[in-house]
>>> print(open('my_file.pdb').read())   # PDB, C-alpha atoms
ATOM      1  CA  MET A 803      18.677  34.428  50.958
ATOM      2  CA  SER A 804      20.708  33.787  54.099
ATOM      3  CA  SER A 805      23.685  31.443  54.228
ATOM      4  CA  SER A 806      21.815  29.203  56.692
ATOM      5  CA  GLN A 807      19.382  28.320  53.899
ATOM      6  CA  PHE A 808      22.228  26.735  51.951
ATOM      7  CA  GLU A 809      23.399  24.549  54.841
ATOM      8  CA  PRO A 810      20.968  21.647  54.361
ATOM      9  CA  LEU A 811      21.960  21.314  50.677
ATOM     10  CA  SER A 812      25.668  21.560  51.544
ATOM     11  CA  ARG A 813      25.272  18.942  54.247
ATOM     12  CA  ARG A 814      23.395  16.617  51.883
ATOM     13  CA  ARG A 815      26.130  16.975  49.274
ATOM     14  CA  SER A 816      28.773  16.181  51.885
ATOM     15  CA  VAL A 817      26.891  13.077  53.041
ATOM     16  CA  ASP A 818      26.436  11.994  49.417
ATOM     17  CA  THR A 819      30.143  12.393  48.668
ATOM     18  CA  ARG A 820      31.104  10.402  51.748
ATOM     19  CA  LYS A 821      28.650   7.648  50.777
ATOM     20  CA  ARG A 822      30.003   7.489  47.239
ATOM     21  CA  LEU A 823      33.550   7.245  48.571
ATOM     22  CA  LEU A 824      32.537   4.415  50.895
ATOM     23  CA  ASP A 825      30.586   2.625  48.158
ATOM     24  CA  LEU A 826      33.503   2.766  45.724
ATOM     25  CA  ALA A 827      36.053   1.869  48.399
ATOM     26  CA  GLU A 828      33.991  -1.156  49.465
ATOM     27  CA  GLN A 829      33.694  -2.324  45.867
ATOM     28  CA  GLN A 830      37.434  -1.977  45.237
ATOM     29  CA  VAL A 831      38.549  -3.443  48.574
ATOM     30  CA  LEU A 832      36.375  -6.525  48.073
ATOM     31  CA  ALA A 833      37.618  -6.887  44.496
ATOM     32  CA  LYS A 834      41.357  -6.504  45.051
ATOM     33  CA  GLY A 835      42.160  -5.855  48.702
ATOM     34  CA  PHE A 836      42.881  -2.811  50.821
ATOM     35  CA  VAL A 837      46.543  -2.370  49.862
ATOM     36  CA  ALA A 838      45.758  -2.281  46.150
ATOM     37  CA  THR A 839      42.994   0.290  46.640
ATOM     38  CA  SER A 840      44.507   3.764  46.397
ATOM     39  CA  ILE A 841      43.198   7.122  47.499
ATOM     40  CA  GLU A 842      43.974   8.397  44.000
ATOM     41  CA  GLU A 843      41.602   5.963  42.305
ATOM     42  CA  LEU A 844      38.869   6.717  44.832
ATOM     43  CA  VAL A 845      38.994  10.483  44.349
ATOM     44  CA  ALA A 846      39.134  10.016  40.564
ATOM     45  CA  GLY A 847      36.198   7.624  40.642
ATOM     46  CA  VAL A 848      34.067   9.930  42.760
ATOM     47  CA  GLY A 849      35.204  13.065  40.938
ATOM     48  CA  ILE A 850      36.683  15.050  43.834
ATOM     49  CA  THR A 851      40.120  16.326  44.787
ATOM     50  CA  LYS A 852      42.428  14.560  47.197
ATOM     51  CA  SER A 853      41.730  17.289  49.740
ATOM     52  CA  GLY A 854      38.056  16.329  49.381
ATOM     53  CA  PHE A 855      38.935  12.799  50.465
ATOM     54  CA  PHE A 856      40.813  14.069  53.499
ATOM     55  CA  TYR A 857      37.835  16.227  54.413
ATOM     56  CA  HIS A 858      35.895  13.009  55.040
ATOM     57  CA  PHE A 859      38.685  10.649  56.169
ATOM     58  CA  LYS A 860      41.952  11.617  57.820
ATOM     59  CA  ASP A 861      43.775   8.605  56.317
ATOM     60  CA  LYS A 862      43.204   5.099  54.921
ATOM     61  CA  ASN A 863      42.936   3.649  58.422
ATOM     62  CA  ASP A 864      40.054   6.040  59.069
ATOM     63  CA  LEU A 865      38.476   4.891  55.805
ATOM     64  CA  ALA A 866      38.813   1.255  56.927
ATOM     65  CA  ARG A 867      37.153   2.101  60.240
ATOM     66  CA  ALA A 868      34.240   3.792  58.457
ATOM     67  CA  LEU A 869      33.828   0.839  56.087
ATOM     68  CA  LEU A 870      33.803  -1.592  58.996
ATOM     69  CA  GLU A 871      31.365   0.485  61.057
ATOM     70  CA  ARG A 872      28.978   0.709  58.112
ATOM     71  CA  HIS A 873      29.303  -3.019  57.492
ATOM     72  CA  ILE A 874      28.477  -3.789  61.140
ATOM     73  CA  VAL A 875      25.369  -1.591  61.059
ATOM     74  CA  ARG A 876      24.139  -3.139  57.809
ATOM     75  CA  GLU A 877      24.794  -6.648  59.088
ATOM     76  CA  ARG A 878      22.928  -5.992  62.339
ATOM     77  CA  GLU A 879      19.964  -4.453  60.520
ATOM     78  CA  LEU A 880      19.804  -7.384  58.086
ATOM     79  CA  LEU A 881      19.808  -9.991  60.855
ATOM     80  CA  ASP A 882      17.374  -7.994  62.972
ATOM     81  CA  ASP A 883      14.975  -7.868  60.037
ATOM     82  CA  LEU A 884      15.338 -11.576  59.239
ATOM     83  CA  PHE A 885      14.681 -12.675  62.813
ATOM     84  CA  ARG A 886      11.854 -10.182  63.239
ATOM     85  CA  ARG A 887      10.118 -11.604  60.173
ATOM     86  CA  ALA A 888      10.784 -15.175  61.302
ATOM     87  CA  ASP A 889       9.462 -14.485  64.794
ATOM     88  CA  GLU A 890       6.309 -12.970  63.325
ATOM     89  CA  LEU A 891       5.734 -16.171  61.366
ATOM     90  CA  ASN A 892       6.428 -18.575  64.233
ATOM     91  CA  ASP A 893       6.776 -17.968  67.971
ATOM     92  CA  ASP A 894       8.379 -21.372  68.638
ATOM     93  CA  PRO A 895      12.138 -20.739  69.221
ATOM     94  CA  LEU A 896      13.324 -23.682  67.105
ATOM     95  CA  HIS A 897      10.904 -23.243  64.258
ATOM     96  CA  GLY A 898      11.454 -19.493  64.254
ATOM     97  CA  PHE A 899      15.199 -20.015  63.927
ATOM     98  CA  LEU A 900      14.689 -22.491  61.094
ATOM     99  CA  VAL A 901      12.466 -19.977  59.314
ATOM    100  CA  ALA A 902      15.147 -17.282  59.690
ATOM    101  CA  LEU A 903      17.752 -19.576  58.131
ATOM    102  CA  ARG A 904      15.379 -20.357  55.281
ATOM    103  CA  LEU A 905      14.807 -16.638  54.668
ATOM    104  CA  PHE A 906      18.555 -15.992  54.725
ATOM    105  CA  ALA A 907      19.231 -18.818  52.252
ATOM    106  CA  GLU A 908      16.513 -17.524  49.933
ATOM    107  CA  MET A 909      17.974 -14.015  50.084
ATOM    108  CA  MET A 910      21.446 -15.301  49.182
ATOM    109  CA  ALA A 911      20.042 -17.506  46.416
ATOM    110  CA  ALA A 912      18.293 -14.490  44.878
ATOM    111  CA  LEU A 913      21.626 -12.739  44.223
ATOM    112  CA  PRO A 914      22.419 -12.722  40.476
ATOM    113  CA  GLU A 915      26.023 -13.788  41.083
ATOM    114  CA  ALA A 916      28.295 -14.870  43.906
ATOM    115  CA  HIS A 917      28.355 -12.462  46.846
ATOM    116  CA  PRO A 918      31.452 -10.199  46.530
ATOM    117  CA  GLY A 919      32.600 -11.000  50.057
ATOM    118  CA  CYS A 920      32.730  -9.585  53.550
ATOM    119  CA  ILE A 921      34.464  -6.350  54.544
ATOM    120  CA  ALA A 922      35.107  -7.624  58.077
ATOM    121  CA  ALA A 923      36.862 -10.739  56.742
ATOM    122  CA  THR A 924      38.820  -8.768  54.144
ATOM    123  CA  LEU A 925      40.142  -6.350  56.768
ATOM    124  CA  CYS A 926      40.925  -9.255  59.077
ATOM    125  CA  TYR A 927      43.074 -10.889  56.392
ATOM    126  CA  GLN A 928      45.132  -7.671  56.207
ATOM    127  CA  ASP A 929      44.983  -6.702  59.879
ATOM    128  CA  GLN A 930      48.694  -5.813  59.999
ATOM    129  CA  LEU A 931      47.792  -2.652  58.083
ATOM    130  CA  PHE A 932      45.480  -1.267  60.737
ATOM    131  CA  ASP A 933      45.644   0.107  64.243
ATOM    132  CA  ARG A 934      44.227  -1.365  67.431
ATOM    133  CA  THR A 935      40.889   0.399  66.957
ATOM    134  CA  ILE A 936      40.190  -1.578  63.781
ATOM    135  CA  HIS A 937      41.298  -4.849  65.386
ATOM    136  CA  GLU A 938      39.012  -4.346  68.380
ATOM    137  CA  LEU A 939      36.079  -3.223  66.244
ATOM    138  CA  ASN A 940      36.446  -6.269  64.030
ATOM    139  CA  ALA A 941      36.634  -8.584  67.040
ATOM    140  CA  GLN A 942      33.491  -6.998  68.457
ATOM    141  CA  SER A 943      31.656  -7.551  65.188
ATOM    142  CA  VAL A 944      32.570 -11.246  65.220
ATOM    143  CA  LEU A 945      31.598 -11.635  68.864
ATOM    144  CA  SER A 946      28.262  -9.939  68.203
ATOM    145  CA  TRP A 947      27.345 -12.844  65.919
ATOM    146  CA  ARG A 948      28.303 -15.325  68.643
ATOM    147  CA  VAL A 949      26.191 -13.481  71.199
ATOM    148  CA  ARG A 950      23.215 -13.225  68.842
ATOM    149  CA  PHE A 951      23.166 -16.889  67.841
ATOM    150  CA  ARG A 952      24.118 -18.213  71.264
ATOM    151  CA  GLU A 953      21.113 -16.430  72.752
ATOM    152  CA  ARG A 954      18.913 -18.023  70.101
ATOM    153  CA  PHE A 955      20.299 -21.494  70.781
ATOM    154  CA  ALA A 956      19.886 -21.036  74.536
ATOM    155  CA  ARG A 957      16.181 -20.393  73.964
ATOM    156  CA  ILE A 958      15.941 -23.439  71.736
ATOM    157  CA  ILE A 959      17.667 -25.677  74.304
ATOM    158  CA  ALA A 960      15.255 -24.529  76.989
ATOM    159  CA  ALA A 961      12.374 -25.776  74.854
ATOM    160  CA  TYR A 962      14.093 -28.736  73.194
ATOM    161  CA  PRO A 963      16.879 -30.229  75.346
ATOM    162  CA  PRO A 964      19.304 -32.105  73.044
ATOM    163  CA  ALA A 965      20.155 -35.772  73.593
ATOM    164  CA  GLU A 966      23.864 -34.892  73.856
ATOM    165  CA  PRO A 967      25.576 -31.823  75.418
ATOM    166  CA  VAL A 968      26.026 -28.918  72.991
ATOM    167  CA  ASP A 969      28.759 -26.261  73.113
ATOM    168  CA  LEU A 970      26.633 -23.196  72.426
ATOM    169  CA  ASN A 971      29.566 -20.919  71.623
ATOM    170  CA  ALA A 972      30.940 -23.392  69.090
ATOM    171  CA  LEU A 973      27.488 -23.902  67.578
ATOM    172  CA  ALA A 974      26.971 -20.134  67.318
ATOM    173  CA  ASP A 975      30.418 -19.704  65.750
ATOM    174  CA  MET A 976      29.562 -22.394  63.209
ATOM    175  CA  MET A 977      27.117 -19.988  61.590
ATOM    176  CA  SER A 978      29.823 -17.351  61.119
ATOM    177  CA  THR A 979      32.431 -19.757  59.794
ATOM    178  CA  LEU A 980      29.911 -21.378  57.462
ATOM    179  CA  ILE A 981      28.949 -18.026  55.940
ATOM    180  CA  GLU A 982      32.532 -16.821  55.489
ATOM    181  CA  GLY A 983      33.560 -20.164  54.014
ATOM    182  CA  GLY A 984      30.544 -20.167  51.713
ATOM    183  CA  LEU A 985      31.417 -16.678  50.481
ATOM    184  CA  VAL A 986      34.999 -17.708  49.705
ATOM    185  CA  MET A 987      33.998 -20.908  47.900
ATOM    186  CA  GLY A 988      31.207 -19.211  45.984
ATOM    187  CA  ARG A 989      33.550 -16.521  44.753
ATOM    188  CA  ALA A 990      36.408 -18.927  43.960
ATOM    189  CA  LEU A 991      34.168 -21.296  42.008
ATOM    190  CA  ARG A 992      31.855 -18.579  40.653
ATOM    191  CA  ASP A 993      28.947 -20.526  42.029
ATOM    192  CA  PRO A 994      26.389 -18.395  43.913
ATOM    193  CA  SER A 995      24.471 -21.489  45.004
ATOM    194  CA  ILE A 996      27.172 -22.673  47.422
ATOM    195  CA  LEU A 997      26.381 -20.317  50.303
ATOM    196  CA  PRO A 998      22.577 -20.818  50.334
ATOM    197  CA  ARG A 999      23.070 -24.588  50.130
ATOM    198  CA  GLN A1000      25.458 -24.463  53.077
ATOM    199  CA  VAL A1001      22.944 -22.417  55.086
ATOM    200  CA  LEU A1002      20.220 -24.970  54.361
ATOM    201  CA  LEU A1003      22.548 -27.797  55.366
ATOM    202  CA  PHE A1004      23.237 -26.011  58.662
ATOM    203  CA  ARG A1005      19.475 -25.616  59.045
ATOM    204  CA  ASP A1006      19.070 -29.388  58.712
ATOM    205  CA  PHE A1007      21.844 -29.920  61.270
ATOM    206  CA  VAL A1008      20.153 -27.620  63.789
ATOM    207  CA  ARG A1009      16.814 -29.341  63.258
ATOM    208  CA  GLN A1010      18.394 -32.754  63.854
ATOM    209  CA  THR A1011      20.341 -31.556  66.916
ATOM    210  CA  PHE A1012      17.215 -30.207  68.599
ATOM    211  CA  ARG A1013      14.737 -32.680  67.230
ATOM    212  CA  PRO A1014      11.459 -32.439  69.218
TER     213      PRO A1014
END
>>> encode(input="my_file.pdb", output="structure tokens")
Amino acid sequence: MSSSQFEPLSRRRSVDTRKRLLDLAEQQVLAKGFVATSIEELVAGVGITKSGFFYHFKDKNDLARALLERHIVRERELLDDLFRRADELNDDPLHGFLVALRLFAEMMAALPEAHPGCIAATLCYQDQLFDRTIHELNAQSVLSWRVRFRERFARIIAAYPPAEPVDLNALADMMSTLIEGGLVMGRALRDPSILPRQVLLFRDFVRQTFRP
């Protein structure tokens, strides 16, 4: 058997180890912060040597970058799926957006306990630890939400002009700040219902703002 036949298995094991490191790191960072999460506990938890960690990540900053990149991809895929499903149910821009918010609230309400938090927010709170690459990547992730929701609101305004002028950037940012605030309150009060209720309240606000 040639060595090339072993490569797929070796590659799969490497990918699996990297994923387990990221999964454990995300869990620990959300639970106690980035500073308190050590490389030693990660390698012990995954069952590899420290050199195995450095095979996948050159340092903790590189680990933070990988966590953030994975978070951004997951977040984009989640929102893409929500809006795709909402658009399939209703082609009206306002009603489709309201459906998407309803789906998001239902998804959050289905969690057995309060959401553990957001990697992007956690890294932002400790941004003095990271280099410019992390700062810029985090800023881009935040702006991507603004762009996504602003585009949605622009379509809604075209169909349902509001009675009063609306700052689309501020309205789009409201969704981000509402979610982050809901995550913090839900975790602090151990009440998983806070975030979905906030999303539904925002849904009512949007419906009233662009009332047909």
>>> closest_residue(input="my_file.pdb", among="A:Ile981, A:Arg934, A:Thr819, A:Met987", to="Gly849 in chain A", atoms="all atoms listed in the file")
A:Thr819
>>> resolve_selection(input="my_file.pdb", expression="the PyMOL selection byres ((chain A and resi 862) around 10)", output="PyMOL selection string")
chain A and resi 836-837+839-841+855-856+859-861+863-868+931-932
>>> resolve_selection(input="my_file.pdb", expression="the PyMOL selection byres ((chain A and resi 982) around 12)", output="ChimeraX atom specification")
/A:917-924,926,944,975-981,983-989,996-998,1000-1001
>>> write_last_selection(input="my_file.pdb", atoms="C-alpha atoms", output="PDB file, in the coordinates of the input")
ATOM      1  CA  HIS A 917      28.355 -12.462  46.846  1.00  0.00           C
ATOM      2  CA  PRO A 918      31.452 -10.199  46.530  1.00  0.00           C
ATOM      3  CA  GLY A 919      32.600 -11.000  50.057  1.00  0.00           C
ATOM      4  CA  CYS A 920      32.730  -9.585  53.550  1.00  0.00           C
ATOM      5  CA  ILE A 921      34.464  -6.350  54.544  1.00  0.00           C
ATOM      6  CA  ALA A 922      35.107  -7.624  58.077  1.00  0.00           C
ATOM      7  CA  ALA A 923      36.862 -10.739  56.742  1.00  0.00           C
ATOM      8  CA  THR A 924      38.820  -8.768  54.144  1.00  0.00           C
ATOM      9  CA  CYS A 926      40.925  -9.255  59.077  1.00  0.00           C
ATOM     10  CA  VAL A 944      32.570 -11.246  65.220  1.00  0.00           C
ATOM     11  CA  ASP A 975      30.418 -19.704  65.750  1.00  0.00           C
ATOM     12  CA  MET A 976      29.562 -22.394  63.209  1.00  0.00           C
ATOM     13  CA  MET A 977      27.117 -19.988  61.590  1.00  0.00           C
ATOM     14  CA  SER A 978      29.823 -17.351  61.119  1.00  0.00           C
ATOM     15  CA  THR A 979      32.431 -19.757  59.794  1.00  0.00           C
ATOM     16  CA  LEU A 980      29.911 -21.378  57.462  1.00  0.00           C
ATOM     17  CA  ILE A 981      28.949 -18.026  55.940  1.00  0.00           C
ATOM     18  CA  GLY A 983      33.560 -20.164  54.014  1.00  0.00           C
ATOM     19  CA  GLY A 984      30.544 -20.167  51.713  1.00  0.00           C
ATOM     20  CA  LEU A 985      31.417 -16.678  50.481  1.00  0.00           C
ATOM     21  CA  VAL A 986      34.999 -17.708  49.705  1.00  0.00           C
ATOM     22  CA  MET A 987      33.998 -20.908  47.900  1.00  0.00           C
ATOM     23  CA  GLY A 988      31.207 -19.211  45.984  1.00  0.00           C
ATOM     24  CA  ARG A 989      33.550 -16.521  44.753  1.00  0.00           C
ATOM     25  CA  ILE A 996      27.172 -22.673  47.422  1.00  0.00           C
ATOM     26  CA  LEU A 997      26.381 -20.317  50.303  1.00  0.00           C
ATOM     27  CA  PRO A 998      22.577 -20.818  50.334  1.00  0.00           C
ATOM     28  CA  GLN A1000      25.458 -24.463  53.077  1.00  0.00           C
ATOM     29  CA  VAL A1001      22.944 -22.417  55.086  1.00  0.00           C
TER      30      VAL A1001
END
>>> closest_residue(input="my_file.pdb", among="A:Leu903, A:Ala911, A:Ile936, A:Leu925", to="Leu1003 in chain A", atoms="all atoms listed in the file")
A:Leu903
>>> resolve_selection(input="my_file.pdb", expression="the PyMOL selection byres ((chain A and resi 953-968) around 8)", output="PyMOL selection string")
chain A and resi 895-896+899+949-952+969-970+973-974+1011-1014
>>> atom_distance(input="my_file.pdb", atom1="CA of Ala827 in chain A", atom2="CA of Leu991 in chain A")
24.1 Å
>>> residues_near_point(input="my_file.pdb", point="(25.7, -5.3, 59.8)", cutoff="12 Å", atoms="all atoms listed in the file", output="list in words")
Leu869, Leu870, Glu871, Arg872, His873, Ile874, Val875, Arg876, Glu877, Arg878, Glu879, Leu880, Leu881, Asp882, Asp883, Cys920, Ile921, Ala922, Asn940, Gln942, Ser943, Val944, Ser946 and Trp947 of chain A
>>> write_last_selection(input="my_file.pdb", atoms="C-alpha atoms", output="mmCIF file, in the frame of the given file")
data_model
loop_
_atom_site.group_PDB
_atom_site.id
_atom_site.type_symbol
_atom_site.label_atom_id
_atom_site.label_comp_id
_atom_site.auth_asym_id
_atom_site.auth_seq_id
_atom_site.Cartn_x
_atom_site.Cartn_y
_atom_site.Cartn_z
ATOM 1 C CA LEU A 869 33.828 0.839 56.087
ATOM 2 C CA LEU A 870 33.803 -1.592 58.996
ATOM 3 C CA GLU A 871 31.365 0.485 61.057
ATOM 4 C CA ARG A 872 28.978 0.709 58.112
ATOM 5 C CA HIS A 873 29.303 -3.019 57.492
ATOM 6 C CA ILE A 874 28.477 -3.789 61.140
ATOM 7 C CA VAL A 875 25.369 -1.591 61.059
ATOM 8 C CA ARG A 876 24.139 -3.139 57.809
ATOM 9 C CA GLU A 877 24.794 -6.648 59.088
ATOM 10 C CA ARG A 878 22.928 -5.992 62.339
ATOM 11 C CA GLU A 879 19.964 -4.453 60.520
ATOM 12 C CA LEU A 880 19.804 -7.384 58.086
ATOM 13 C CA LEU A 881 19.808 -9.991 60.855
ATOM 14 C CA ASP A 882 17.374 -7.994 62.972
ATOM 15 C CA ASP A 883 14.975 -7.868 60.037
ATOM 16 C CA CYS A 920 32.730 -9.585 53.550
ATOM 17 C CA ILE A 921 34.464 -6.350 54.544
ATOM 18 C CA ALA A 922 35.107 -7.624 58.077
ATOM 19 C CA ASN A 940 36.446 -6.269 64.030
ATOM 20 C CA GLN A 942 33.491 -6.998 68.457
ATOM 21 C CA SER A 943 31.656 -7.551 65.188
ATOM 22 C CA VAL A 944 32.570 -11.246 65.220
ATOM 23 C CA SER A 946 28.262 -9.939 68.203
ATOM 24 C CA TRP A 947 27.345 -12.844 65.919
#
>>> closest_residue(input="my_file.pdb", among="A:Ala833, A:Asp933, A:Met909, A:Val845", to="Ser995 in chain A", atoms="all atoms listed in the file")
A:Met909
>>> decode(input="my_file.pdb", residues="range 888-901 of chain A", atoms="N, CA, C and O atoms", output="short mmCIF file (atom, residue, chain, number, x, y, z; two decimals), in the first residue's frame")
data_model
loop_
_atom_site.label_atom_id
_atom_site.label_comp_id
_atom_site.auth_asym_id
_atom_site.auth_seq_id
_atom_site.Cartn_x
_atom_site.Cartn_y
_atom_site.Cartn_z
N ALA A 888 -37.52 32.47 4.42
CA ALA A 888 -38.55 33.52 4.52
C ALA A 888 -38.98 33.99 3.14
O ALA A 888 -40.18 34.19 2.89
N ASP A 889 -38.01 34.15 2.24
CA ASP A 889 -38.33 34.62 0.89
C ASP A 889 -39.14 33.58 0.12
O ASP A 889 -39.96 33.93 -0.74
N GLU A 890 -38.92 32.31 0.42
CA GLU A 890 -39.69 31.26 -0.23
C GLU A 890 -41.14 31.27 0.24
O GLU A 890 -42.06 30.91 -0.51
N LEU A 891 -41.35 31.72 1.48
CA LEU A 891 -42.70 31.76 2.03
C LEU A 891 -43.45 33.02 1.64
O LEU A 891 -44.69 33.01 1.61
N ASN A 892 -42.72 34.11 1.35
CA ASN A 892 -43.40 35.37 1.04
C ASN A 892 -42.48 36.25 0.22
O ASN A 892 -41.37 36.56 0.65
N ASP A 893 -42.92 36.66 -0.98
CA ASP A 893 -42.06 37.47 -1.83
C ASP A 893 -42.23 38.97 -1.60
O ASP A 893 -41.56 39.78 -2.23
N ASP A 894 -43.11 39.37 -0.69
CA ASP A 894 -43.24 40.77 -0.31
C ASP A 894 -42.06 41.13 0.59
O ASP A 894 -41.78 40.41 1.57
N PRO A 895 -41.33 42.23 0.33
CA PRO A 895 -40.12 42.53 1.10
C PRO A 895 -40.36 42.75 2.59
O PRO A 895 -39.56 42.30 3.42
N LEU A 896 -41.47 43.41 2.94
CA LEU A 896 -41.76 43.62 4.36
C LEU A 896 -42.19 42.33 5.04
O LEU A 896 -41.64 41.96 6.08
N HIS A 897 -43.12 41.65 4.44
CA HIS A 897 -43.62 40.43 5.05
C HIS A 897 -42.55 39.35 5.10
O HIS A 897 -42.48 38.58 6.07
N GLY A 898 -41.70 39.31 4.08
CA GLY A 898 -40.60 38.36 4.09
C GLY A 898 -39.63 38.63 5.23
O GLY A 898 -39.15 37.71 5.90
N PHE A 899 -39.36 39.91 5.48
CA PHE A 899 -38.46 40.27 6.58
C PHE A 899 -39.09 39.90 7.92
O PHE A 899 -38.41 39.39 8.82
N LEU A 900 -40.38 40.15 8.06
CA LEU A 900 -41.07 39.81 9.30
C LEU A 900 -41.07 38.30 9.53
O LEU A 900 -40.93 37.84 10.67
N VAL A 901 -41.20 37.54 8.47
CA VAL A 901 -41.14 36.08 8.59
C VAL A 901 -39.76 35.65 9.05
O VAL A 901 -39.62 34.77 9.92
#
